[in-house]
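*Asks:* What follows is model12.txt, made up of compact mmCIF, C-alpha atoms and all ligand atoms:
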```
# COMPACT_ATOMS: atom_id res chain seq x y z
CA MET A 1 105.54 88.48 130.78
CA SER A 2 106.15 92.16 130.17
CA LEU A 3 107.66 92.91 126.78
CA LYS A 4 110.83 94.99 126.63
CA ILE A 5 112.86 96.52 123.82
CA LYS A 6 116.63 96.07 124.12
CA LYS A 7 118.75 99.14 123.50
CA GLY A 8 121.55 99.22 120.92
CA ILE A 9 120.18 96.33 118.85
CA PRO A 10 118.08 96.92 115.72
CA LEU A 11 114.51 95.88 116.43
CA ILE A 12 114.57 93.58 113.38
CA ASP A 13 117.16 91.48 115.25
CA GLN A 14 115.36 91.28 118.60
CA HIS A 15 113.53 88.04 117.84
CA ASP A 16 114.09 84.66 119.48
CA LYS A 17 115.25 81.44 117.80
CA ASN A 18 111.75 80.90 116.42
CA GLY A 19 111.74 84.28 114.72
CA MET A 20 109.33 85.75 117.28
CA TRP A 21 109.45 89.18 118.86
CA GLY A 22 108.74 89.10 122.60
CA GLY A 23 107.95 85.38 122.16
CA LYS A 24 104.55 86.58 120.94
CA PHE A 25 104.69 88.07 117.44
CA GLY A 26 106.13 86.92 114.13
CA GLY A 27 107.53 83.42 113.60
CA ASN A 28 107.47 81.07 110.64
CA PHE A 29 104.08 79.40 110.37
CA VAL A 30 104.70 77.95 106.93
CA PRO A 31 104.18 74.66 105.10
CA GLU A 32 106.97 72.10 105.51
CA THR A 33 108.11 72.64 101.90
CA LEU A 34 109.05 76.24 102.70
CA LYS A 35 111.18 75.46 105.74
CA LYS A 36 114.32 74.80 103.68
CA PRO A 37 114.02 77.79 101.27
CA ILE A 38 113.39 80.04 104.29
CA GLU A 39 116.41 78.62 106.11
CA ASP A 40 118.56 79.12 102.98
CA LEU A 41 117.41 82.73 102.71
CA GLU A 42 118.09 83.33 106.42
CA LYS A 43 121.63 81.99 106.04
CA LEU A 44 122.31 83.97 102.86
CA PHE A 45 120.96 87.23 104.28
CA SER A 46 122.88 86.88 107.52
CA LYS A 47 126.08 86.33 105.48
CA LEU A 48 125.39 89.21 103.08
CA ARG A 49 124.72 91.67 105.90
CA LYS A 50 128.32 91.24 107.00
CA ASP A 51 129.75 91.28 103.49
CA GLN A 52 131.33 94.64 102.68
CA SER A 53 130.95 94.14 98.92
CA PHE A 54 127.20 93.60 99.37
CA ILE A 55 126.87 96.70 101.56
CA LYS A 56 128.89 98.72 99.06
CA GLU A 57 126.66 97.58 96.23
CA ARG A 58 123.50 98.37 98.24
CA ASP A 59 124.78 101.84 99.06
CA TYR A 60 125.82 102.43 95.47
CA TYR A 61 122.27 101.79 94.25
CA PHE A 62 120.69 103.73 97.10
CA GLU A 63 122.88 106.71 96.27
CA ASN A 64 122.94 106.59 92.49
CA TYR A 65 119.66 104.95 91.61
CA VAL A 66 117.30 106.03 94.39
CA GLY A 67 119.15 109.31 94.80
CA THR A 68 119.49 109.40 98.57
CA PRO A 69 118.99 111.33 100.72
CA THR A 70 115.42 112.22 99.87
CA PRO A 71 114.55 115.78 100.98
CA LEU A 72 113.49 116.89 104.45
CA ILE A 73 111.50 120.10 104.07
CA LYS A 74 109.69 122.47 106.38
CA LEU A 75 106.04 122.94 105.50
CA ASP A 76 105.96 126.67 106.25
CA ASN A 77 102.56 127.41 104.77
CA LEU A 78 100.86 124.51 106.49
CA THR A 79 102.56 125.44 109.77
CA ASP A 80 101.38 129.07 109.49
CA HIS A 81 97.90 127.96 108.51
CA LEU A 82 97.47 125.59 111.46
CA GLY A 83 99.35 127.45 114.19
CA GLY A 84 101.12 125.49 116.93
CA ALA A 85 103.71 122.84 116.12
CA GLN A 86 106.12 123.05 113.19
CA LEU A 87 105.32 120.65 110.37
CA TRP A 88 108.10 119.01 108.40
CA ALA A 89 107.99 116.32 105.73
CA LYS A 90 110.54 113.77 104.65
CA VAL A 91 109.63 113.49 100.99
CA VAL A 92 110.58 109.87 100.42
CA SER A 93 108.36 109.83 97.33
CA GLU A 94 111.02 111.94 95.56
CA ASN A 95 112.74 108.89 94.15
CA PRO A 96 112.32 107.18 90.77
CA GLY A 97 109.85 104.67 92.23
CA THR A 98 107.80 107.43 93.96
CA ALA A 99 107.53 105.36 97.19
CA HIS A 100 109.65 103.78 99.94
CA LYS A 101 109.20 100.35 98.38
CA VAL A 102 112.26 100.96 96.20
CA TYR A 103 114.69 100.22 99.08
CA ALA A 104 113.56 96.65 99.75
CA CYS A 105 113.19 95.97 96.02
CA ILE A 106 116.84 96.86 95.49
CA VAL A 107 118.02 94.77 98.46
CA HIS A 108 115.88 91.80 97.41
CA CYS A 109 117.06 91.93 93.79
CA LEU A 110 120.67 92.03 94.98
CA ILE A 111 119.96 88.98 97.14
CA ALA A 112 118.18 87.20 94.25
CA LYS A 113 121.22 87.78 92.03
CA ARG A 114 123.58 86.38 94.69
CA ALA A 115 121.25 83.38 95.13
CA GLY A 116 121.43 82.74 91.39
CA LYS A 117 117.68 83.23 90.89
CA ARG A 118 116.40 84.57 87.57
CA TYR A 119 112.84 85.35 88.62
CA VAL A 120 111.30 87.50 91.34
CA CYS A 121 107.68 87.61 92.43
CA THR A 122 105.76 89.89 94.74
CA ASP A 123 102.39 91.08 96.01
CA THR A 124 101.12 94.60 95.54
CA GLY A 125 98.09 96.59 96.71
CA ALA A 126 98.66 100.22 95.82
CA GLY A 127 100.84 99.09 92.94
CA MET A 128 103.89 100.86 94.41
CA GLN A 129 105.55 97.58 95.36
CA GLY A 130 104.75 96.12 91.93
CA LYS A 131 105.98 99.19 90.10
CA ASN A 132 109.22 99.32 92.08
CA LEU A 133 109.96 95.62 91.75
CA ALA A 134 109.23 95.77 88.00
CA MET A 135 111.54 98.78 87.67
CA VAL A 136 114.41 97.37 89.75
CA ALA A 137 114.10 93.83 88.32
CA LYS A 138 114.48 95.24 84.83
CA LYS A 139 117.59 97.13 85.91
CA PHE A 140 119.10 93.90 87.33
CA GLY A 141 118.06 91.67 84.41
CA LEU A 142 115.50 89.67 86.44
CA ARG A 143 112.00 88.67 85.31
CA ALA A 144 109.23 89.95 87.60
CA LYS A 145 105.80 88.45 88.30
CA ILE A 146 103.44 90.72 90.23
CA PHE A 147 100.30 89.44 92.00
CA MET A 148 97.56 92.04 92.42
CA GLY A 149 93.92 91.80 93.49
CA VAL A 150 91.45 92.63 90.74
CA ARG A 151 89.91 95.39 92.86
CA ASP A 152 93.30 97.07 93.15
CA LEU A 153 94.08 96.49 89.46
CA VAL A 154 91.16 98.76 88.69
CA ARG A 155 91.71 101.43 91.35
CA GLN A 156 95.50 101.65 90.83
CA LYS A 157 95.55 101.24 87.05
CA LYS A 158 98.20 103.90 86.56
CA ASN A 159 100.75 101.81 88.43
CA VAL A 160 99.68 98.67 86.56
CA ASP A 161 100.50 100.41 83.28
CA VAL A 162 103.96 101.27 84.62
CA MET A 163 104.61 97.65 85.74
CA LYS A 164 103.74 96.46 82.25
CA LYS A 165 105.93 99.16 80.69
CA TYR A 166 108.86 97.74 82.65
CA GLY A 167 108.09 94.29 81.24
CA ALA A 168 106.64 92.67 84.37
CA GLU A 169 103.91 90.05 84.20
CA VAL A 170 100.91 91.24 86.22
CA VAL A 171 98.77 88.37 87.54
CA PRO A 172 95.19 89.33 88.47
CA VAL A 173 94.06 87.76 91.76
CA THR A 174 90.35 86.96 91.80
CA SER A 175 90.09 85.19 95.17
CA GLY A 176 88.71 86.63 98.41
CA SER A 177 88.34 90.38 98.66
CA GLN A 178 90.57 90.81 95.57
CA THR A 179 92.88 93.15 97.46
CA LEU A 180 96.36 93.09 99.01
CA VAL A 181 95.68 90.24 101.46
CA ASP A 182 94.79 87.93 98.58
CA ALA A 183 97.71 89.13 96.47
CA VAL A 184 100.14 88.21 99.27
CA SER A 185 98.53 84.76 99.59
CA GLU A 186 98.80 84.11 95.83
CA SER A 187 102.40 85.30 95.63
CA MET A 188 103.30 82.99 98.54
CA ARG A 189 101.51 80.08 96.87
CA TYR A 190 103.42 80.72 93.67
CA TRP A 191 106.70 80.82 95.60
CA VAL A 192 105.91 77.53 97.39
CA ALA A 193 105.61 75.83 94.00
CA ASN A 194 108.55 77.57 92.31
CA CYS A 195 111.10 78.44 94.98
CA GLN A 196 113.95 76.73 93.09
CA ASP A 197 114.00 79.47 90.42
CA VAL A 198 112.06 82.27 92.06
CA HIS A 199 113.00 84.70 94.80
CA MET A 200 109.92 86.03 96.61
CA VAL A 201 109.74 89.63 97.74
CA ILE A 202 107.05 90.56 100.26
CA GLY A 203 105.97 94.18 99.93
CA SER A 204 106.07 95.04 103.63
CA THR A 205 107.44 94.03 107.04
CA VAL A 206 105.07 91.06 107.13
CA GLY A 207 105.26 87.34 106.41
CA PRO A 208 107.77 84.80 107.76
CA SER A 209 110.36 86.50 109.97
CA ILE A 210 113.15 86.66 107.39
CA PHE A 211 110.91 88.77 105.14
CA VAL A 212 110.10 91.10 108.04
CA LYS A 213 113.84 91.49 108.62
CA ILE A 214 114.86 92.13 105.00
CA SER A 215 112.08 94.67 104.54
CA GLY A 216 112.95 96.54 107.77
CA TYR A 217 116.69 96.34 107.06
CA SER A 218 116.04 98.03 103.71
CA THR A 219 113.67 100.82 104.73
CA SER A 220 115.89 101.73 107.71
CA GLN A 221 117.80 103.84 105.19
CA ILE A 222 115.02 106.44 105.64
CA SER A 223 115.68 107.06 109.33
CA ARG A 224 119.46 106.94 108.88
CA GLU A 225 119.05 109.88 106.50
CA LEU A 226 116.50 111.62 108.68
CA LYS A 227 118.76 111.55 111.72
CA VAL A 228 121.57 113.27 109.80
CA GLN A 229 119.17 115.79 108.26
CA LEU A 230 117.60 116.70 111.63
CA ILE A 231 121.02 117.25 113.19
CA GLU A 232 122.06 119.38 110.19
CA GLU A 233 118.88 121.42 110.51
CA PHE A 234 118.58 121.78 114.31
CA GLY A 235 122.12 121.04 115.55
CA GLU A 236 120.67 118.08 117.53
CA ILE A 237 117.64 115.80 117.60
CA PRO A 238 114.90 118.28 118.56
CA ASN A 239 113.66 117.98 122.15
CA LYS A 240 110.05 117.51 121.21
CA LEU A 241 110.00 115.43 118.07
CA LYS A 242 107.02 113.44 116.83
CA LEU A 243 107.46 111.11 113.86
CA LEU A 244 104.21 110.35 112.08
CA ASN A 245 103.82 107.59 109.56
CA CYS A 246 100.96 105.71 107.96
CA VAL A 247 100.87 101.98 108.74
CA GLY A 248 99.62 99.27 106.40
CA GLY A 249 101.97 96.33 106.86
CA GLY A 250 104.35 98.82 108.47
CA SER A 251 107.53 98.91 106.33
CA SER A 252 107.71 102.66 105.85
CA ALA A 253 106.89 103.37 109.51
CA TYR A 254 109.56 100.96 110.71
CA GLY A 255 112.06 102.49 108.29
CA PHE A 256 111.18 106.02 109.39
CA TRP A 257 111.49 105.16 113.08
CA SER A 258 114.21 102.52 113.40
CA GLU A 259 117.05 104.91 114.30
CA PHE A 260 114.86 106.62 116.92
CA ILE A 261 113.46 103.64 118.81
CA ASP A 262 116.14 103.89 121.55
CA TYR A 263 115.23 107.50 122.37
CA ASP A 264 112.92 108.17 125.29
CA LYS A 265 109.35 108.45 124.06
CA LYS A 266 108.98 111.87 125.70
CA HIS A 267 111.84 113.04 123.49
CA VAL A 268 110.94 111.28 120.23
CA SER A 269 107.42 109.97 119.98
CA LEU A 270 106.40 107.53 117.28
CA ILE A 271 102.86 107.81 115.97
CA GLY A 272 101.48 105.27 113.52
CA VAL A 273 98.32 106.06 111.59
CA GLU A 274 96.21 103.22 110.26
CA ALA A 275 93.34 103.28 107.80
CA GLY A 276 90.05 103.92 109.59
CA GLY A 277 87.98 103.30 106.44
CA SER A 278 84.98 105.36 105.49
CA LYS A 279 83.08 107.26 108.20
CA LYS A 280 79.91 105.62 106.92
CA SER A 281 81.24 102.08 107.29
CA LYS A 282 82.07 99.90 110.27
CA LEU A 283 84.86 98.28 108.27
CA HIS A 284 88.42 99.52 108.62
CA ALA A 285 92.01 98.33 108.20
CA ALA A 286 93.29 99.36 111.61
CA PRO A 287 94.25 96.26 113.63
CA LEU A 288 96.46 98.17 116.09
CA SER A 289 94.04 100.94 116.91
CA ASN A 290 90.64 99.33 116.44
CA ASN A 291 89.48 95.93 117.52
CA SER A 292 91.66 92.99 116.56
CA LYS A 293 92.92 89.71 118.01
CA LEU A 294 96.18 87.83 117.87
CA GLY A 295 96.11 85.46 114.90
CA VAL A 296 98.23 83.96 112.16
CA LEU A 297 98.30 85.41 108.67
CA HIS A 298 100.89 84.91 105.93
CA GLY A 299 103.14 82.85 108.16
CA ALA A 300 103.33 85.24 111.11
CA LYS A 301 101.53 85.77 114.41
CA ALA A 302 100.25 89.33 114.74
CA TYR A 303 97.19 91.34 115.55
CA CYS A 304 94.61 90.60 112.84
CA ILE A 305 91.12 91.79 112.11
CA GLN A 306 89.00 88.67 112.65
CA ASP A 307 85.38 87.67 112.77
CA ASN A 308 83.83 85.86 115.74
CA ASP A 309 84.95 82.49 114.35
CA GLY A 310 88.56 83.65 114.10
CA GLN A 311 88.47 83.98 110.30
CA ILE A 312 90.40 86.92 108.83
CA GLY A 313 87.91 89.76 108.60
CA GLU A 314 87.01 92.03 105.75
CA THR A 315 88.74 95.41 105.57
CA GLU A 316 87.92 98.63 103.82
CA SER A 317 90.04 101.64 102.95
CA LEU A 318 90.17 104.06 100.06
CA SER A 319 93.93 103.60 100.11
CA SER A 320 94.89 100.22 98.63
CA GLY A 321 98.30 100.32 100.32
CA LEU A 322 96.79 100.38 103.82
CA ASP A 323 93.96 97.95 103.08
CA TYR A 324 95.40 94.94 104.94
CA PRO A 325 93.82 93.04 107.87
CA SER A 326 97.04 92.45 109.79
CA VAL A 327 100.26 94.30 110.51
CA SER A 328 103.95 93.72 111.07
CA PRO A 329 105.04 91.83 114.21
CA LEU A 330 107.47 94.74 114.70
CA HIS A 331 104.55 97.11 115.17
CA CYS A 332 102.65 94.69 117.42
CA PHE A 333 105.79 94.62 119.57
CA LEU A 334 106.20 98.42 119.47
CA LYS A 335 102.58 98.78 120.51
CA ASP A 336 102.66 96.26 123.37
CA THR A 337 105.91 97.69 124.76
CA GLY A 338 104.30 101.13 124.68
CA ARG A 339 107.14 102.57 122.56
CA ALA A 340 104.87 103.59 119.69
CA GLU A 341 101.27 104.74 119.69
CA TYR A 342 98.76 103.98 116.98
CA THR A 343 95.66 105.77 115.84
CA SER A 344 93.63 105.86 112.64
CA ALA A 345 92.32 108.39 110.14
CA THR A 346 89.22 107.90 108.02
CA ASP A 347 89.05 108.03 104.21
CA GLU A 348 87.41 111.44 104.46
CA GLU A 349 90.10 112.80 106.81
CA ALA A 350 92.84 111.53 104.51
CA LEU A 351 91.20 113.18 101.50
CA ASN A 352 90.85 116.48 103.37
CA ALA A 353 94.49 116.27 104.40
CA TYR A 354 95.54 115.65 100.80
CA LYS A 355 93.46 118.69 99.79
CA LEU A 356 95.06 121.01 102.34
CA VAL A 357 98.64 119.80 101.89
CA SER A 358 98.57 119.90 98.09
CA LYS A 359 96.89 123.33 98.16
CA LEU A 360 99.40 124.94 100.53
CA GLU A 361 102.62 123.08 99.77
CA ASN A 362 104.52 121.82 96.72
CA ILE A 363 104.05 118.19 97.66
CA SER A 364 101.32 115.80 96.66
CA PRO A 365 101.09 112.83 99.04
CA SER A 366 99.26 109.68 97.96
CA LEU A 367 96.27 108.52 99.99
CA GLU A 368 98.47 106.37 102.28
CA PRO A 369 100.66 109.16 103.73
CA SER A 370 97.64 111.47 103.62
CA HIS A 371 96.42 109.44 106.62
CA ALA A 372 99.53 110.51 108.57
CA PHE A 373 99.07 114.11 107.41
CA ALA A 374 95.48 113.98 108.67
CA THR A 375 96.65 113.11 112.19
CA ALA A 376 99.42 115.73 112.05
CA ILE A 377 96.91 118.36 110.97
CA SER A 378 94.63 117.57 113.91
CA LEU A 379 97.53 117.51 116.41
CA ALA A 380 99.51 120.59 115.31
CA PRO A 381 97.23 123.37 116.65
CA LYS A 382 97.23 121.78 120.14
CA LEU A 383 101.04 121.66 120.39
CA SER A 384 103.72 124.21 121.23
CA LYS A 385 105.75 125.99 118.52
CA ASP A 386 108.91 124.16 119.54
CA THR A 387 107.32 120.79 118.80
CA ILE A 388 108.47 119.28 115.50
CA LEU A 389 105.93 117.09 113.75
CA CYS A 390 107.72 115.23 111.01
CA ILE A 391 105.64 113.26 108.52
CA ASP A 392 106.89 110.58 106.17
CA SER A 393 105.49 111.51 102.76
CA CYS A 394 106.20 108.02 101.52
CA GLY A 395 104.18 107.95 98.29
CA HIS A 396 103.27 110.29 95.44
CA SER A 397 99.60 110.81 94.64
CA LEU A 398 99.70 110.32 90.87
CA LYS A 399 98.50 106.71 91.24
CA ASP A 400 95.42 108.02 93.09
CA SER A 401 94.58 110.86 90.69
CA ASP A 402 91.38 109.24 89.37
CA ILE A 403 90.06 108.47 92.88
CA ILE A 404 90.95 111.97 94.11
CA LYS A 405 89.30 113.60 91.09
CA GLU A 406 86.16 111.52 91.63
CA LYS A 407 85.97 112.32 95.35
CA LEU A 408 87.14 115.96 95.39
CA GLY A 409 86.41 117.14 91.87
CA PHE A 410 90.03 118.14 91.22
CA TYR A 411 93.55 116.73 91.35
CA THR A 412 96.84 118.58 91.93
CA GLU A 413 100.01 116.70 91.01
C1 LIG B 1 102.78 104.92 99.31
C2 LIG B 1 102.53 103.82 100.28
N1 LIG B 1 102.57 104.10 101.58
C3 LIG B 1 102.34 103.16 102.52
C4 LIG B 1 102.04 101.86 102.14
C5 LIG B 1 101.76 100.88 103.23
O1 LIG B 1 102.75 99.91 103.35
P1 LIG B 1 103.71 99.91 104.59
O2 LIG B 1 102.86 100.04 105.79
O3 LIG B 1 104.42 98.63 104.48
O4 LIG B 1 104.63 101.07 104.45
C6 LIG B 1 102.01 101.51 100.79
C7 LIG B 1 101.72 100.15 100.38
O5 LIG B 1 101.52 99.84 99.25
C8 LIG B 1 102.26 102.53 99.83
O6 LIG B 1 102.23 102.27 98.53
```
Using the file provided, produce a representation of the structure as structure tokens.
*Replies:*
Amino acid sequence: MSLKIKKGIPLIDQHDKNGMWGGKFGGNFVPETLKKPIEDLEKLFSKLRKDQSFIKERDYYFENYVGTPTPLIKLDNLTDHLGGAQLWAKVVSENPGTAHKVYACIVHCLIAKRAGKRYVCTDTGAGMQGKNLAMVAKKFGLRAKIFMGVRDLVRQKKNVDVMKKYGAEVVPVTSGSQTLVDAVSESMRYWVANCQDVHMVIGSTVGPSIFVKISGYSTSQISRELKVQLIEEFGEIPNKLKLLNCVGGGSSAYGFWSEFIDYDKKHVSLIGVEAGGSKKSKLHAAPLSNNSKLGVLHGAKAYCIQDNDGQIGETESLSSGLDYPSVSPLHCFLKDTGRAEYTSATDEEALNAYKLVSKLENISPSLEPSHAFATAISLAPKLSKDTILCIDSCGHSLKDSDIIKEKLGFYTE
């Protein structure tokens, strides 16, 4: 069966009755005990999406708390330096949470309040999800529990300190590879046992289908803004537009692209950049662009890095936020329909991109978006001057300052 995207319907809503996109990706592969809480959440979310008071409240917080729209800026120096295409950045990191995770955290906390829950829990890798949920939960008077792999606790300590400052409980996860994949598993386990009082937030467009939907619904704000900003800047959507985004689970990429999916790919191309890991290692975190198989992880069917026995494989990336062995069903669908293309950048390429961007421009992307910058930097010189390469600068580098200093010998905020 060939997979097709329907026009005029948000991709998050193009699943079947089993929560699967193209009958192939997504779904709800969860223990029996979670069926009812998931059904309740599906019903509540579908009601709230049509409720004007909910939408008004969401928009109020997006406008007054996040401070939308985040800037769209031309990277003149980088463009001059590279020659070829024009480089632009949507600086999503210019919000109080310094990453795109803030949108879904606000929406989830609003849902948790309406559901009468007093606690929220989540997974985090780079610490951006944990920091944002801690920050937003405090604002809404909710108690937050954040699950984080011990490996990430060490490499993203700066964000851990912020979570604690906001009063969240940070739970170290010692199982498995002690990274994001294990944090998601632990957070889900905790929710299974406590779903009466706790609302679970998943940090990306992954997990059972309702979590994919809520995450994508929330980050879509980014492309709604971008569309308006591009029209303001160019008078129309530029004829040769390429939207580049890093992809871990895929929430920022989906949010950056959602308004543009219906455009012809020759007009607006969508380029996802996964984590290729270190040049010296065979390990990576790039299931869409490098060797993976269809499997089930965290309740959803998607491309997963697996060993020969079908076990979830080990991943490796300098960027904790991209260090995940699977990916959103939305991106699997975008890949198999041919609407989006996926590639990867190595740790070294991401670091070099960070170095060049922070040297020439007044922005300082974290290691995750530095992967997308790396691909943009390699593409720009080969493209015409009327091509617009727009990169989602979805995270600020401060959390990575120790790693960057260690690897490059300097850090520019
Ligand atoms: C700054 C930043 N960018 C990207 C990601 C990857 O997540 P996603 O692919 O869901 O946007 C993360 C995850 O923690 C992040 O912190």
*Asks:* Using 9 Å as the limit and counting all atoms listed in the file, can you tabulate each residue of chain A that touches ligand LIG 1 (chain B), with its shortest atom-to-atom distance in Å and the two atoms involved, as JSON lines?
*Replies:*
```
{"residue": "A:Ser93", "atom": "CA", "partner": "B:LIG1", "partner_atom": "C1", "distance": 7.7}
{"residue": "A:Thr98", "atom": "CA", "partner": "B:LIG1", "partner_atom": "C1", "distance": 7.8}
{"residue": "A:Ala99", "atom": "CA", "partner": "B:LIG1", "partner_atom": "C1", "distance": 5.2}
{"residue": "A:His100", "atom": "CA", "partner": "B:LIG1", "partner_atom": "C1", "distance": 7.0}
{"residue": "A:Lys101", "atom": "CA", "partner": "B:LIG1", "partner_atom": "O6", "distance": 7.2}
{"residue": "A:Thr124", "atom": "CA", "partner": "B:LIG1", "partner_atom": "O5", "distance": 6.4}
{"residue": "A:Gly125", "atom": "CA", "partner": "B:LIG1", "partner_atom": "O5", "distance": 5.4}
{"residue": "A:Ala126", "atom": "CA", "partner": "B:LIG1", "partner_atom": "O5", "distance": 4.5}
{"residue": "A:Gly127", "atom": "CA", "partner": "B:LIG1", "partner_atom": "O5", "distance": 6.4}
{"residue": "A:Met128", "atom": "CA", "partner": "B:LIG1", "partner_atom": "O6", "distance": 4.7}
{"residue": "A:Gln129", "atom": "CA", "partner": "B:LIG1", "partner_atom": "O5", "distance": 6.0}
{"residue": "A:Gly130", "atom": "CA", "partner": "B:LIG1", "partner_atom": "O5", "distance": 8.8}
{"residue": "A:Leu180", "atom": "CA", "partner": "B:LIG1", "partner_atom": "O5", "distance": 8.5}
{"residue": "A:Gly203", "atom": "CA", "partner": "B:LIG1", "partner_atom": "O3", "distance": 6.6}
{"residue": "A:Ser204", "atom": "CA", "partner": "B:LIG1", "partner_atom": "O3", "distance": 4.0}
{"residue": "A:Thr205", "atom": "CA", "partner": "B:LIG1", "partner_atom": "O3", "distance": 6.1}
{"residue": "A:Val206", "atom": "CA", "partner": "B:LIG1", "partner_atom": "O3", "distance": 8.0}
{"residue": "A:Ser215", "atom": "CA", "partner": "B:LIG1", "partner_atom": "O3", "distance": 8.6}
{"residue": "A:Asn245", "atom": "CA", "partner": "B:LIG1", "partner_atom": "O4", "distance": 8.3}
{"residue": "A:Cys246", "atom": "CA", "partner": "B:LIG1", "partner_atom": "C3", "distance": 6.2}
{"residue": "A:Val247", "atom": "CA", "partner": "B:LIG1", "partner_atom": "O2", "distance": 4.1}
{"residue": "A:Gly248", "atom": "CA", "partner": "B:LIG1", "partner_atom": "O2", "distance": 3.4}
{"residue": "A:Gly249", "atom": "CA", "partner": "B:LIG1", "partner_atom": "O2", "distance": 4.0}
{"residue": "A:Gly250", "atom": "CA", "partner": "B:LIG1", "partner_atom": "O2", "distance": 3.3}
{"residue": "A:Ser251", "atom": "CA", "partner": "B:LIG1", "partner_atom": "O3", "distance": 3.6}
{"residue": "A:Ser252", "atom": "CA", "partner": "B:LIG1", "partner_atom": "O4", "distance": 3.7}
{"residue": "A:Ala253", "atom": "CA", "partner": "B:LIG1", "partner_atom": "O4", "distance": 6.0}
{"residue": "A:Tyr254", "atom": "CA", "partner": "B:LIG1", "partner_atom": "O4", "distance": 8.0}
{"residue": "A:Gly255", "atom": "CA", "partner": "B:LIG1", "partner_atom": "O4", "distance": 8.5}
{"residue": "A:Glu274", "atom": "CA", "partner": "B:LIG1", "partner_atom": "O2", "distance": 8.6}
{"residue": "A:Ser319", "atom": "CA", "partner": "B:LIG1", "partner_atom": "C6", "distance": 8.4}
{"residue": "A:Ser320", "atom": "CA", "partner": "B:LIG1", "partner_atom": "O5", "distance": 6.7}
{"residue": "A:Gly321", "atom": "CA", "partner": "B:LIG1", "partner_atom": "C7", "distance": 3.4}
{"residue": "A:Leu322", "atom": "CA", "partner": "B:LIG1", "partner_atom": "C5", "distance": 5.0}
{"residue": "A:Asp323", "atom": "CA", "partner": "B:LIG1", "partner_atom": "C5", "distance": 8.3}
{"residue": "A:Tyr324", "atom": "CA", "partner": "B:LIG1", "partner_atom": "C5", "distance": 8.9}
{"residue": "A:Val327", "atom": "CA", "partner": "B:LIG1", "partner_atom": "O2", "distance": 7.9}
{"residue": "A:Ser328", "atom": "CA", "partner": "B:LIG1", "partner_atom": "O3", "distance": 8.2}
{"residue": "A:Pro365", "atom": "CA", "partner": "B:LIG1", "partner_atom": "C1", "distance": 8.1}
{"residue": "A:Ser366", "atom": "CA", "partner": "B:LIG1", "partner_atom": "C1", "distance": 6.1}
{"residue": "A:Leu367", "atom": "CA", "partner": "B:LIG1", "partner_atom": "C1", "distance": 7.5}
{"residue": "A:Glu368", "atom": "CA", "partner": "B:LIG1", "partner_atom": "N1", "distance": 4.7}
{"residue": "A:Pro369", "atom": "CA", "partner": "B:LIG1", "partner_atom": "N1", "distance": 5.8}
{"residue": "A:Ser393", "atom": "CA", "partner": "B:LIG1", "partner_atom": "C1", "distance": 7.9}
{"residue": "A:Cys394", "atom": "CA", "partner": "B:LIG1", "partner_atom": "C1", "distance": 5.1}
{"residue": "A:Gly395", "atom": "CA", "partner": "B:LIG1", "partner_atom": "C1", "distance": 3.5}
{"residue": "A:His396", "atom": "CA", "partner": "B:LIG1", "partner_atom": "C1", "distance": 6.6}
{"residue": "A:Ser397", "atom": "CA", "partner": "B:LIG1", "partner_atom": "C1", "distance": 8.2}
```
*Asks:* If I wrap all listed atoms of stretch 313-318 of chain A in a box with edges along x, y and z and add 3 Å on each side, what are its centre and edge lengths in Å to one decimal, as JSON?
*Replies:*
```
{"center_x": 88.6, "center_y": 96.9, "center_z": 104.3, "size_x": 9.2, "size_y": 20.3, "size_z": 14.5}
```
*Asks:* Counting all atoms listed in the file, give me one row per residue of stretch 175-262 of chain A with an atom at most 7 Å from an atom of stretch 149-170 of chain A, showing the shortest contact pair and its distance in Å to one decimal, sorted by chain then residue number, as CSV.
*Replies:*
```
residue,atom,partner,partner_atom,distance
A:Gln178,CA,A:Gly149,CA,4.1
A:Thr179,CA,A:Gly149,CA,4.3
A:Leu180,CA,A:Gly149,CA,6.2
A:Asp182,CA,A:Gly149,CA,6.5
A:Ala183,CA,A:Gly149,CA,5.5
```
*Asks:* Would you mind reading off the distance between atom CA of A:Pro287 and atom CA of A:Leu398, one decimal, in Å?
*Replies:*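 Going from atom CA of A:Pro287 over to atom CA of A:Leu398 covers 27.3 Å.
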*Asks:* Which polymer residues, whether protein, DNA or RNA, lie within 12 Å of the coordinate (113.2, 108.2, 92.3) when you count all atoms listed in the file? List them as a VMD selection string, using the chain letters and numbers from the file.
*Replies:* chain A and resid 61 to 71 91 to 103 131 to 132 135 to 136 394 to 396
*Asks:* Would you mind listing, for every residue of stretch 315-351 of chain A within 9 Å of stretch 17-22 of chain A, the two atoms forming the shortest contact and the distance between them in Å to one decimal, using all atoms listed in the file, sorted by chain and ascending residue number, as JSON lines?
*Replies:*
```
{"residue": "A:Pro329", "atom": "CA", "partner": "A:Trp21", "partner_atom": "CA", "distance": 6.9}
{"residue": "A:Leu330", "atom": "CA", "partner": "A:Trp21", "partner_atom": "CA", "distance": 7.2}
{"residue": "A:Cys332", "atom": "CA", "partner": "A:Trp21", "partner_atom": "CA", "distance": 8.9}
{"residue": "A:Phe333", "atom": "CA", "partner": "A:Trp21", "partner_atom": "CA", "distance": 6.6}
```
*Asks:* Which residues are near stretch 34-36 of chain A? Cut-off 7 Å, all atoms listed in the file, ignore same chain within fewer than 4 positions. Put them as a list in words.
*Replies:*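 In the requested format, the answer is Val30, Asp40 and Val192 of chain A.
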*Asks:* Provide the atom CA of A:Pro381 to atom CA of A:Asp336 distance in Å, to one decimal place.
*Replies:*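 Computing the Euclidean distance for atom CA of A:Pro381 and atom CA of A:Asp336 yields 28.5 Å.
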